[in-house]
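Undergrad: Structure provided below as structure tokens; questions to follow.
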6 protein chains.
Amino acid sequence: MRGLLVGRFQPFHRGHLEVVRKIRAARPREPLILVVGSAQESFTRANPLTAGERLELIDRCLSEAHLSEVSAVPLPDIQRHAQWAAYVVSMVPAFGRVYTNNPLTRLLFERAGFEVEAPELVERERFEGTHVRALLESGGAWHELVPPAGVRFLEELGLAQRLRLLGEGDAAPEGAAGA
Amino acid sequence: MRGLLVGRFQPFHRGHLEVVRKIRAARPREPLILVVGSAQESFTRANPLTAGERLELIDRCLSEAHLSEVSAVPLPDIQRHAQWAAYVVSMVPAFGRVYTNNPLTRLLFERAGFEVEAPELVERERFEGTHVRALLESGGAWHELVPPAGVRFLEELGLAQRLRLLGEGDAAPEGAAGA
Amino acid sequence: MRGLLVGRFQPFHRGHLEVVRKIRAARPREPLILVVGSAQESFTRANPLTAGERLELIDRCLSEAHLSEVSAVPLPDIQRHAQWAAYVVSMVPAFGRVYTNNPLTRLLFERAGFEVEAPELVERERFEGTHVRALLESGGAWHELVPPAGVRFLEELGLAQRLRLLGEGDAAPEGAAGA
Amino acid sequence: MRGLLVGRFQPFHRGHLEVVRKIRAARPREPLILVVGSAQESFTRANPLTAGERLELIDRCLSEAHLSEVSAVPLPDIQRHAQWAAYVVSMVPAFGRVYTNNPLTRLLFERAGFEVEAPELVERERFEGTHVRALLESGGAWHELVPPAGVRFLEELGLAQRLRLLGEGDAAPEGAAGA
Amino acid sequence: MRGLLVGRFQPFHRGHLEVVRKIRAARPREPLILVVGSAQESFTRANPLTAGERLELIDRCLSEAHLSEVSAVPLPDIQRHAQWAAYVVSMVPAFGRVYTNNPLTRLLFERAGFEVEAPELVERERFEGTHVRALLESGGAWHELVPPAGVRFLEELGLAQRLRLLGEGDAAPEGAAGA
Amino acid sequence: MRGLLVGRFQPFHRGHLEVVRKIRAARPREPLILVVGSAQESFTRANPLTAGERLELIDRCLSEAHLSEVSAVPLPDIQRHAQWAAYVVSMVPAFGRVYTNNPLTRLLFERAGFEVEAPELVERERFEGTHVRALLESGGAWHELVPPAGVRFLEELGLAQRLRLLGEGDAAPEGAAGA
């Protein structure tokens, strides 16, 4: 039986890594699948990274941490909650257990007959995507919130600069790209 | 000639029932169609019920009230106002009159050549979806705002609990389901 | 427990009516839901009627036949079989039994845990949508294949003429509408 | 009052040009809008050119022919015939007359209240998109079927080579791009 | 080489006209394409005009100003920033230079290899879509912000009245059209 | 630099495995990404397996063959060839080389600036998806065309039976599921 952990991973940070590590340690014989949600989103303040960049980021961080039996699958949104569990089932290898702290994710998977567990979060306010993105945009101390391999990759990508640009965009005149 | 009444019915409440009753009384020879809008939405705070649940809720409330010649049709959004009237026309039996208090609905149907009437609303602030959902979530006195058959059905569904869960979701970490 | 019967009903014909009659007779205490599939399709040779026209056609034929406790729900395609059962569940009132002679429909609902039965078909080759549409287009004896109330409605709509026009369209130059 | 001519223009050829010329000559005070349908399609045998390439092709051919008061608007398909006329209305400047030899286009616009005329076609079998594309793919005498400015542009684009490649693609192993 | 200017043009105003005039004056040999973004939107407060109305508005204003070699192309949103530059490329004639003050538009086109320039804006706060729409809705002095031909066209359309209606809609009960 | 191999993998067979093996042997320092195309398709004769089942099938076959540094990413179709290369880029980790025998895939990636190579195919007619599916459906000798771990997994799934059911479906009456 595999386990499933859903997130947007914008970006993958040390809080995610700790959750993965604990799940793997508690159940070493259950491979873990990370579902990279909102895969169609990128180049916005809330979702700055593409799905491909997030897959690569996750891969580098997991390799560095010597975590095996963990794979990641990008999942574009379908915008229909009532079909969401069936959609996830059709897009990833068979799984039996779902790890989530999100009440809606819990509700939808429980209704679909899955066992749901809440992973223990570490310093939740600090290790939280919105906070990490805010530090990246403002030039704050984001380095300590992301695993070293992730820091290097996000610097290669110029994520801090990308976020600052997107922040300006919100104040820019009409006619924005894409939407 | 049939009449048409558009709503999201999240949930169907006594205000809706009164509007239906008055329309049926005023024009007993015109069947009435309830268009259940945003049919693709469910399991959110603004749209907690699925379209199927809303159809069943409406059916039970209308039966209890002995209102006949009223049918309900679910309608997923198309997100394009300019085609909306043509879309409704293609999805429901032929109708001639539209009942609405929404200025946009009025505008779009009038541009498409339909006769539009504003149904008289009863205690509009009380009998209003947002208010009913807020009472459900907070444990308030929502029972008096919904017809008895509807109260029983919403309790079977556990709608109050569902709304409380969805309310927590808004405060939960990233990686939410579906969107 | 309700029963569910899925079809495109292009058009609703006496074969459908017989299936409905038998299901209602066999289980008079189970309301029946007709799912009007491919609801977004219309004005093609395979799908000449809009969903609204099909709802009205079904309603007239069922009234004439004094069949009660039967409702119809239009359902646009989602093009994703793996989510299809969950989609149907979310769009219609709760049901427990599915009537179908289609192996795929059977497969998908059985995988989703529903009881599936094959309704006995009457003179299947004669009472078959493709055949009825071909007769309508060619000016053949389609009247005997459709219930009387349906014949009157399809003549009001000019369905035979519509099908002949659409047939010409297939031989017409490029630049066709809609697609 | 403007006129409207719908096509896919894959590619724009001398048959199209003649139709445009006649319409402009017959009604010099009515600007003409060319709707470039299936705008989302490209790089297939039936739709080799992008919408942008088709706009540029049309522009060059019309300039060469000194035809003014003709504009072109790309229109992605919506796959819903019943809304198609309303969709076109919302996407182009106001028009009153539609030119078409396609029975479905005629049907949909007449139902929407527009005046529809059939333009006289010149040597319809020769000046026909499928035929022009077949000649391009097979290395046949397509040059005489396209206006000179169009020939130059299609050669710049390498359309003949593109079509030959796409033709091979149909015989190639699975895993094709895009679909 | 053509230039490209992206906007929603809700509505096209004198600020847009000045930008177009300056670009045309600076590079008289480069035709300019106006991309009319969010083309699928209409009848909302932020996007009151249809794409077709915007094309006609732009056409009238450019004619009045004797600006030639400027064309406009409507572009529905695709909601995927990572593909947006490729999407624009496929939908408009070939271009080489992009004019924008929007950092995201700049970022996406630069990543796709285009040269991007920031056009100088004139009295940016005054000549700004949100401001023009607010004046239209409130009955303020919007006439001086729109070219004369645009004023006449927007009055024909009754845009001020449309915006007031849509403003009421925001305060209206649930069950709104289209979304 | 990573390599990219696009397919639908319906199912993954020994021909695919040989291609992967040769690519990995030729360039052991370049990780390989398998793009699992048409990920939204399942339960049809041409696409019987879900994306999740294909991911699991690939994973088992690669493990058995001790092939490392190969990952698989599911990719739903976007139906727009002109944006397809940009779409792939956004959904997978950075890659530089594309392996394909499909002329369209080659064309689209070359236009996007990628290096494209044609992998040598082994007994192409035998090791071909359509052929494997036909043998599965007819009860033929498909076992020798799929790696042993794949045979076991496809038997667990009952793929042969699924394909036989779907084959019957094509001969079944109207009203099919999902489409």
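Just so we're on the same page: first chain in the structure tokens is A, next is B, and so on; residues restart at 1 for each chain, and ligands are numbered from 1 in the order they show up.
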Please report, as a PDB file with N, CA and C atoms, in the first residue's frame, each residue of chain B to which DSSP assigns helix (DSSP H, G or I) when run on this structure's backbone.
TA:
```pdb
ATOM      1  N   ARG B  14     -36.874  28.788   2.542  1.00  0.00           N
ATOM      2  CA  ARG B  14     -38.277  29.194   2.525  1.00  0.00           C
ATOM      3  C   ARG B  14     -38.510  30.430   1.664  1.00  0.00           C
ATOM      4  N   GLY B  15     -37.489  31.265   1.505  1.00  0.00           N
ATOM      5  CA  GLY B  15     -37.632  32.397   0.583  1.00  0.00           C
ATOM      6  C   GLY B  15     -37.854  31.907  -0.844  1.00  0.00           C
ATOM      7  N   HIS B  16     -37.073  30.928  -1.268  1.00  0.00           N
ATOM      8  CA  HIS B  16     -37.283  30.341  -2.599  1.00  0.00           C
ATOM      9  C   HIS B  16     -38.679  29.742  -2.717  1.00  0.00           C
ATOM     10  N   LEU B  17     -39.063  29.010  -1.663  1.00  0.00           N
ATOM     11  CA  LEU B  17     -40.364  28.337  -1.710  1.00  0.00           C
ATOM     12  C   LEU B  17     -41.489  29.355  -1.872  1.00  0.00           C
ATOM     13  N   GLU B  18     -41.376  30.473  -1.175  1.00  0.00           N
ATOM     14  CA  GLU B  18     -42.433  31.488  -1.279  1.00  0.00           C
ATOM     15  C   GLU B  18     -42.489  32.076  -2.688  1.00  0.00           C
ATOM     16  N   VAL B  19     -41.327  32.317  -3.267  1.00  0.00           N
ATOM     17  CA  VAL B  19     -41.299  32.843  -4.634  1.00  0.00           C
ATOM     18  C   VAL B  19     -41.961  31.844  -5.583  1.00  0.00           C
ATOM     19  N   VAL B  20     -41.628  30.575  -5.454  1.00  0.00           N
ATOM     20  CA  VAL B  20     -42.223  29.555  -6.317  1.00  0.00           C
ATOM     21  C   VAL B  20     -43.739  29.513  -6.127  1.00  0.00           C
ATOM     22  N   ARG B  21     -44.155  29.548  -4.878  1.00  0.00           N
ATOM     23  CA  ARG B  21     -45.580  29.472  -4.575  1.00  0.00           C
ATOM     24  C   ARG B  21     -46.348  30.638  -5.221  1.00  0.00           C
ATOM     25  N   LYS B  22     -45.786  31.821  -5.099  1.00  0.00           N
ATOM     26  CA  LYS B  22     -46.469  33.000  -5.669  1.00  0.00           C
ATOM     27  C   LYS B  22     -46.527  32.945  -7.187  1.00  0.00           C
ATOM     28  N   ILE B  23     -45.424  32.510  -7.795  1.00  0.00           N
ATOM     29  CA  ILE B  23     -45.413  32.432  -9.265  1.00  0.00           C
ATOM     30  C   ILE B  23     -46.434  31.401  -9.729  1.00  0.00           C
ATOM     31  N   ARG B  24     -46.460  30.265  -9.076  1.00  0.00           N
ATOM     32  CA  ARG B  24     -47.425  29.221  -9.455  1.00  0.00           C
ATOM     33  C   ARG B  24     -48.858  29.702  -9.250  1.00  0.00           C
ATOM     34  N   ALA B  25     -49.087  30.442  -8.157  1.00  0.00           N
ATOM     35  CA  ALA B  25     -50.445  30.920  -7.882  1.00  0.00           C
ATOM     36  C   ALA B  25     -50.864  31.971  -8.916  1.00  0.00           C
ATOM     37  N   ALA B  26     -49.924  32.821  -9.275  1.00  0.00           N
ATOM     38  CA  ALA B  26     -50.263  33.902 -10.207  1.00  0.00           C
ATOM     39  C   ALA B  26     -50.491  33.379 -11.623  1.00  0.00           C
ATOM     40  N   ALA B  51     -24.910  19.403  -7.146  1.00  0.00           N
ATOM     41  CA  ALA B  51     -26.131  19.635  -7.915  1.00  0.00           C
ATOM     42  C   ALA B  51     -27.157  18.558  -7.622  1.00  0.00           C
ATOM     43  N   GLY B  52     -26.710  17.314  -7.503  1.00  0.00           N
ATOM     44  CA  GLY B  52     -27.626  16.213  -7.231  1.00  0.00           C
ATOM     45  C   GLY B  52     -28.332  16.389  -5.886  1.00  0.00           C
ATOM     46  N   GLU B  53     -27.560  16.817  -4.876  1.00  0.00           N
ATOM     47  CA  GLU B  53     -28.166  17.063  -3.567  1.00  0.00           C
ATOM     48  C   GLU B  53     -29.178  18.200  -3.645  1.00  0.00           C
ATOM     49  N   ARG B  54     -28.850  19.214  -4.421  1.00  0.00           N
ATOM     50  CA  ARG B  54     -29.785  20.339  -4.553  1.00  0.00           C
ATOM     51  C   ARG B  54     -31.061  19.916  -5.286  1.00  0.00           C
ATOM     52  N   LEU B  55     -30.931  19.074  -6.306  1.00  0.00           N
ATOM     53  CA  LEU B  55     -32.125  18.574  -6.998  1.00  0.00           C
ATOM     54  C   LEU B  55     -33.015  17.801  -6.032  1.00  0.00           C
ATOM     55  N   GLU B  56     -32.380  16.968  -5.204  1.00  0.00           N
ATOM     56  CA  GLU B  56     -33.165  16.159  -4.275  1.00  0.00           C
ATOM     57  C   GLU B  56     -33.820  17.034  -3.207  1.00  0.00           C
ATOM     58  N   LEU B  57     -33.067  18.008  -2.714  1.00  0.00           N
ATOM     59  CA  LEU B  57     -33.609  18.948  -1.723  1.00  0.00           C
ATOM     60  C   LEU B  57     -34.824  19.684  -2.272  1.00  0.00           C
ATOM     61  N   ILE B  58     -34.704  20.197  -3.481  1.00  0.00           N
ATOM     62  CA  ILE B  58     -35.805  20.936  -4.100  1.00  0.00           C
ATOM     63  C   ILE B  58     -37.012  20.020  -4.284  1.00  0.00           C
ATOM     64  N   ASP B  59     -36.743  18.823  -4.751  1.00  0.00           N
ATOM     65  CA  ASP B  59     -37.824  17.879  -4.991  1.00  0.00           C
ATOM     66  C   ASP B  59     -38.596  17.583  -3.714  1.00  0.00           C
ATOM     67  N   ARG B  60     -37.871  17.373  -2.615  1.00  0.00           N
ATOM     68  CA  ARG B  60     -38.550  17.075  -1.352  1.00  0.00           C
ATOM     69  C   ARG B  60     -39.375  18.259  -0.858  1.00  0.00           C
ATOM     70  N   CYS B  61     -38.800  19.455  -0.987  1.00  0.00           N
ATOM     71  CA  CYS B  61     -39.511  20.642  -0.484  1.00  0.00           C
ATOM     72  C   CYS B  61     -40.761  20.930  -1.326  1.00  0.00           C
ATOM     73  N   LEU B  62     -40.664  20.741  -2.631  1.00  0.00           N
ATOM     74  CA  LEU B  62     -41.811  21.012  -3.497  1.00  0.00           C
ATOM     75  C   LEU B  62     -42.901  19.970  -3.270  1.00  0.00           C
ATOM     76  N   SER B  63     -42.518  18.713  -3.078  1.00  0.00           N
ATOM     77  CA  SER B  63     -43.508  17.663  -2.800  1.00  0.00           C
ATOM     78  C   SER B  63     -44.264  17.978  -1.521  1.00  0.00           C
ATOM     79  N   GLU B  64     -43.498  18.310  -0.492  1.00  0.00           N
ATOM     80  CA  GLU B  64     -44.123  18.629   0.801  1.00  0.00           C
ATOM     81  C   GLU B  64     -45.125  19.770   0.666  1.00  0.00           C
ATOM     82  N   HIS B  81     -20.690  35.380 -20.201  1.00  0.00           N
ATOM     83  CA  HIS B  81     -21.994  36.026 -20.105  1.00  0.00           C
ATOM     84  C   HIS B  81     -22.650  36.226 -21.464  1.00  0.00           C
ATOM     85  N   ALA B  82     -21.853  36.567 -22.484  1.00  0.00           N
ATOM     86  CA  ALA B  82     -22.426  36.920 -23.776  1.00  0.00           C
ATOM     87  C   ALA B  82     -23.162  35.750 -24.431  1.00  0.00           C
ATOM     88  N   GLN B  83     -22.857  34.512 -23.987  1.00  0.00           N
ATOM     89  CA  GLN B  83     -23.534  33.363 -24.565  1.00  0.00           C
ATOM     90  C   GLN B  83     -24.525  32.744 -23.584  1.00  0.00           C
ATOM     91  N   TRP B  84     -24.671  33.338 -22.446  1.00  0.00           N
ATOM     92  CA  TRP B  84     -25.380  32.678 -21.359  1.00  0.00           C
ATOM     93  C   TRP B  84     -26.857  32.429 -21.671  1.00  0.00           C
ATOM     94  N   ALA B  85     -27.546  33.418 -22.221  1.00  0.00           N
ATOM     95  CA  ALA B  85     -28.972  33.215 -22.517  1.00  0.00           C
ATOM     96  C   ALA B  85     -29.139  32.098 -23.545  1.00  0.00           C
ATOM     97  N   ALA B  86     -28.312  32.093 -24.588  1.00  0.00           N
ATOM     98  CA  ALA B  86     -28.402  31.037 -25.599  1.00  0.00           C
ATOM     99  C   ALA B  86     -28.120  29.667 -24.975  1.00  0.00           C
ATOM    100  N   TYR B  87     -27.218  29.652 -24.024  1.00  0.00           N
ATOM    101  CA  TYR B  87     -26.884  28.406 -23.328  1.00  0.00           C
ATOM    102  C   TYR B  87     -28.076  27.895 -22.525  1.00  0.00           C
ATOM    103  N   VAL B  88     -28.692  28.766 -21.749  1.00  0.00           N
ATOM    104  CA  VAL B  88     -29.869  28.355 -20.973  1.00  0.00           C
ATOM    105  C   VAL B  88     -30.959  27.845 -21.917  1.00  0.00           C
ATOM    106  N   VAL B  89     -31.207  28.573 -22.985  1.00  0.00           N
ATOM    107  CA  VAL B  89     -32.240  28.162 -23.950  1.00  0.00           C
ATOM    108  C   VAL B  89     -31.977  26.742 -24.440  1.00  0.00           C
ATOM    109  N   SER B  90     -30.721  26.406 -24.666  1.00  0.00           N
ATOM    110  CA  SER B  90     -30.414  25.086 -25.232  1.00  0.00           C
ATOM    111  C   SER B  90     -30.509  23.959 -24.204  1.00  0.00           C
ATOM    112  N   MET B  91     -30.536  24.322 -22.925  1.00  0.00           N
ATOM    113  CA  MET B  91     -30.452  23.282 -21.891  1.00  0.00           C
ATOM    114  C   MET B  91     -31.770  23.001 -21.173  1.00  0.00           C
ATOM    115  N   PRO B 103     -29.930  42.012 -11.635  1.00  0.00           N
ATOM    116  CA  PRO B 103     -29.883  42.915 -12.793  1.00  0.00           C
ATOM    117  C   PRO B 103     -29.159  42.320 -14.001  1.00  0.00           C
ATOM    118  N   LEU B 104     -28.105  41.547 -13.766  1.00  0.00           N
ATOM    119  CA  LEU B 104     -27.375  40.963 -14.885  1.00  0.00           C
ATOM    120  C   LEU B 104     -28.232  39.907 -15.597  1.00  0.00           C
ATOM    121  N   THR B 105     -28.875  39.046 -14.816  1.00  0.00           N
ATOM    122  CA  THR B 105     -29.759  38.046 -15.415  1.00  0.00           C
ATOM    123  C   THR B 105     -30.834  38.759 -16.241  1.00  0.00           C
ATOM    124  N   ARG B 106     -31.406  39.819 -15.654  1.00  0.00           N
ATOM    125  CA  ARG B 106     -32.410  40.605 -16.394  1.00  0.00           C
ATOM    126  C   ARG B 106     -31.823  41.141 -17.707  1.00  0.00           C
ATOM    127  N   LEU B 107     -30.673  41.764 -17.605  1.00  0.00           N
ATOM    128  CA  LEU B 107     -30.037  42.363 -18.784  1.00  0.00           C
ATOM    129  C   LEU B 107     -29.819  41.333 -19.881  1.00  0.00           C
ATOM    130  N   LEU B 108     -29.251  40.188 -19.520  1.00  0.00           N
ATOM    131  CA  LEU B 108     -28.899  39.195 -20.543  1.00  0.00           C
ATOM    132  C   LEU B 108     -30.153  38.583 -21.174  1.00  0.00           C
ATOM    133  N   PHE B 109     -31.193  38.330 -20.380  1.00  0.00           N
ATOM    134  CA  PHE B 109     -32.404  37.756 -20.971  1.00  0.00           C
ATOM    135  C   PHE B 109     -33.195  38.791 -21.767  1.00  0.00           C
ATOM    136  N   GLU B 110     -33.186  40.033 -21.307  1.00  0.00           N
ATOM    137  CA  GLU B 110     -33.882  41.060 -22.098  1.00  0.00           C
ATOM    138  C   GLU B 110     -33.200  41.255 -23.453  1.00  0.00           C
ATOM    139  N   ARG B 111     -31.871  41.251 -23.452  1.00  0.00           N
ATOM    140  CA  ARG B 111     -31.145  41.370 -24.730  1.00  0.00           C
ATOM    141  C   ARG B 111     -31.472  40.205 -25.650  1.00  0.00           C
ATOM    142  N   GLY B 129     -29.322  32.972   0.990  1.00  0.00           N
ATOM    143  CA  GLY B 129     -28.413  31.827   1.077  1.00  0.00           C
ATOM    144  C   GLY B 129     -27.211  32.043   1.981  1.00  0.00           C
ATOM    145  N   THR B 130     -26.540  33.171   1.834  1.00  0.00           N
ATOM    146  CA  THR B 130     -25.356  33.437   2.644  1.00  0.00           C
ATOM    147  C   THR B 130     -25.691  33.383   4.125  1.00  0.00           C
ATOM    148  N   HIS B 131     -26.836  33.971   4.460  1.00  0.00           N
ATOM    149  CA  HIS B 131     -27.266  33.994   5.855  1.00  0.00           C
ATOM    150  C   HIS B 131     -27.576  32.573   6.353  1.00  0.00           C
ATOM    151  N   VAL B 132     -28.279  31.797   5.547  1.00  0.00           N
ATOM    152  CA  VAL B 132     -28.615  30.426   5.946  1.00  0.00           C
ATOM    153  C   VAL B 132     -27.340  29.606   6.150  1.00  0.00           C
ATOM    154  N   ARG B 133     -26.393  29.747   5.234  1.00  0.00           N
ATOM    155  CA  ARG B 133     -25.135  28.988   5.366  1.00  0.00           C
ATOM    156  C   ARG B 133     -24.351  29.414   6.600  1.00  0.00           C
ATOM    157  N   ALA B 134     -24.358  30.726   6.889  1.00  0.00           N
ATOM    158  CA  ALA B 134     -23.652  31.210   8.084  1.00  0.00           C
ATOM    159  C   ALA B 134     -24.267  30.612   9.343  1.00  0.00           C
ATOM    160  N   LEU B 135     -25.592  30.537   9.394  1.00  0.00           N
ATOM    161  CA  LEU B 135     -26.251  29.941  10.560  1.00  0.00           C
ATOM    162  C   LEU B 135     -25.936  28.450  10.661  1.00  0.00           C
ATOM    163  N   LEU B 136     -25.942  27.772   9.541  1.00  0.00           N
ATOM    164  CA  LEU B 136     -25.588  26.343   9.540  1.00  0.00           C
ATOM    165  C   LEU B 136     -24.180  26.150  10.101  1.00  0.00           C
ATOM    166  N   GLU B 137     -23.256  26.983   9.648  1.00  0.00           N
ATOM    167  CA  GLU B 137     -21.863  26.816  10.067  1.00  0.00           C
ATOM    168  C   GLU B 137     -21.680  27.134  11.551  1.00  0.00           C
ATOM    169  N   SER B 138     -22.380  28.168  12.004  1.00  0.00           N
ATOM    170  CA  SER B 138     -22.169  28.624  13.391  1.00  0.00           C
ATOM    171  C   SER B 138     -23.075  27.911  14.388  1.00  0.00           C
ATOM    172  N   HIS B 143     -33.044  26.272  11.216  1.00  0.00           N
ATOM    173  CA  HIS B 143     -34.190  25.392  10.968  1.00  0.00           C
ATOM    174  C   HIS B 143     -35.426  26.154  10.515  1.00  0.00           C
ATOM    175  N   GLU B 144     -35.600  27.351  11.041  1.00  0.00           N
ATOM    176  CA  GLU B 144     -36.819  28.074  10.688  1.00  0.00           C
ATOM    177  C   GLU B 144     -36.749  28.725   9.306  1.00  0.00           C
ATOM    178  N   LEU B 145     -35.576  28.667   8.698  1.00  0.00           N
ATOM    179  CA  LEU B 145     -35.425  29.312   7.384  1.00  0.00           C
ATOM    180  C   LEU B 145     -35.586  28.329   6.226  1.00  0.00           C
ATOM    181  N   PRO B 148     -39.627  22.216   6.328  1.00  0.00           N
ATOM    182  CA  PRO B 148     -39.386  21.031   7.171  1.00  0.00           C
ATOM    183  C   PRO B 148     -38.744  19.862   6.428  1.00  0.00           C
ATOM    184  N   ALA B 149     -39.216  19.549   5.217  1.00  0.00           N
ATOM    185  CA  ALA B 149     -38.621  18.429   4.475  1.00  0.00           C
ATOM    186  C   ALA B 149     -37.158  18.716   4.150  1.00  0.00           C
ATOM    187  N   GLY B 150     -36.861  19.973   3.939  1.00  0.00           N
ATOM    188  CA  GLY B 150     -35.484  20.371   3.661  1.00  0.00           C
ATOM    189  C   GLY B 150     -34.613  20.236   4.901  1.00  0.00           C
ATOM    190  N   VAL B 151     -35.153  20.608   6.051  1.00  0.00           N
ATOM    191  CA  VAL B 151     -34.404  20.466   7.301  1.00  0.00           C
ATOM    192  C   VAL B 151     -34.008  19.005   7.495  1.00  0.00           C
ATOM    193  N   ARG B 152     -34.971  18.113   7.308  1.00  0.00           N
ATOM    194  CA  ARG B 152     -34.666  16.684   7.495  1.00  0.00           C
ATOM    195  C   ARG B 152     -33.570  16.220   6.523  1.00  0.00           C
ATOM    196  N   PHE B 153     -33.689  16.636   5.283  1.00  0.00           N
ATOM    197  CA  PHE B 153     -32.712  16.190   4.289  1.00  0.00           C
ATOM    198  C   PHE B 153     -31.317  16.759   4.580  1.00  0.00           C
ATOM    199  N   LEU B 154     -31.252  18.027   4.921  1.00  0.00           N
ATOM    200  CA  LEU B 154     -29.941  18.640   5.207  1.00  0.00           C
ATOM    201  C   LEU B 154     -29.322  18.029   6.461  1.00  0.00           C
ATOM    202  N   GLU B 155     -30.158  17.581   7.386  1.00  0.00           N
ATOM    203  CA  GLU B 155     -29.597  16.894   8.550  1.00  0.00           C
ATOM    204  C   GLU B 155     -29.087  15.505   8.177  1.00  0.00           C
ATOM    205  N   GLU B 156     -29.825  14.809   7.320  1.00  0.00           N
ATOM    206  CA  GLU B 156     -29.323  13.521   6.801  1.00  0.00           C
ATOM    207  C   GLU B 156     -27.947  13.699   6.159  1.00  0.00           C
ATOM    208  N   LEU B 157     -27.819  14.773   5.393  1.00  0.00           N
ATOM    209  CA  LEU B 157     -26.558  15.026   4.677  1.00  0.00           C
ATOM    210  C   LEU B 157     -25.447  15.489   5.616  1.00  0.00           C
ATOM    211  N   LEU B 159     -25.149  18.694   6.589  1.00  0.00           N
ATOM    212  CA  LEU B 159     -24.649  19.905   5.936  1.00  0.00           C
ATOM    213  C   LEU B 159     -23.971  20.848   6.933  1.00  0.00           C
ATOM    214  N   ALA B 160     -24.511  20.941   8.139  1.00  0.00           N
ATOM    215  CA  ALA B 160     -23.906  21.849   9.137  1.00  0.00           C
ATOM    216  C   ALA B 160     -22.460  21.431   9.397  1.00  0.00           C
ATOM    217  N   GLN B 161     -22.273  20.138   9.586  1.00  0.00           N
ATOM    218  CA  GLN B 161     -20.920  19.641   9.854  1.00  0.00           C
ATOM    219  C   GLN B 161     -20.012  19.864   8.640  1.00  0.00           C
ATOM    220  N   ARG B 162     -20.557  19.628   7.461  1.00  0.00           N
ATOM    221  CA  ARG B 162     -19.769  19.841   6.241  1.00  0.00           C
ATOM    222  C   ARG B 162     -19.300  21.291   6.162  1.00  0.00           C
ATOM    223  N   LEU B 163     -20.208  22.212   6.469  1.00  0.00           N
ATOM    224  CA  LEU B 163     -19.832  23.628   6.394  1.00  0.00           C
ATOM    225  C   LEU B 163     -18.790  23.984   7.445  1.00  0.00           C
ATOM    226  N   ARG B 164     -18.899  23.392   8.614  1.00  0.00           N
ATOM    227  CA  ARG B 164     -17.876  23.692   9.638  1.00  0.00           C
ATOM    228  C   ARG B 164     -16.509  23.184   9.192  1.00  0.00           C
ATOM    229  N   LEU B 165     -16.486  21.993   8.599  1.00  0.00           N
ATOM    230  CA  LEU B 165     -15.231  21.455   8.073  1.00  0.00           C
ATOM    231  C   LEU B 165     -14.655  22.367   6.987  1.00  0.00           C
ATOM    232  N   LEU B 166     -15.508  22.788   6.074  1.00  0.00           N
ATOM    233  CA  LEU B 166     -15.032  23.649   4.981  1.00  0.00           C
ATOM    234  C   LEU B 166     -14.542  24.983   5.535  1.00  0.00           C
ATOM    235  N   GLY B 167     -15.152  25.454   6.598  1.00  0.00           N
ATOM    236  CA  GLY B 167     -14.717  26.688   7.237  1.00  0.00           C
ATOM    237  C   GLY B 167     -13.315  26.546   7.818  1.00  0.00           C
ATOM    238  N   GLU B 168     -13.049  25.406   8.452  1.00  0.00           N
ATOM    239  CA  GLU B 168     -11.683  25.151   8.936  1.00  0.00           C
ATOM    240  C   GLU B 168     -10.694  25.125   7.783  1.00  0.00           C
ATOM    241  N   GLY B 169     -11.143  24.562   6.665  1.00  0.00           N
ATOM    242  CA  GLY B 169     -10.267  24.427   5.508  1.00  0.00           C
ATOM    243  C   GLY B 169      -9.669  25.754   5.092  1.00  0.00           C
TER     244      GLY B 169
END
```
Undergrad: Determine, counting only C-alpha atoms, which protein, DNA and RNA residues have an atom within 12 Å of an atom of Gly7 (chain D); residues of the same chain fewer than 3 positions away are not included. Present the result as a ChimeraX atom specification.
TA: /C:172-179 /D:4,10-13,15-16,19-20,33-39,47,51,54-55,58,72-77,98-102,105,128-129
Undergrad: Quick one: residues within 7 Å of Phe95 (chain E), only C-alpha atoms, excluding same-chain residues fewer than 3 positions away - as an NGL selection string?
TA: :E and (1-4)
Undergrad: D:Pro147, D:Pro31, D:Pro119, D:Gly140: which is nearest Ser68 (chain D), counting only C-alpha atoms?
TA: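 Counting only C-alpha atoms, the residue closest to Ser68 (chain D) is D:Pro31.
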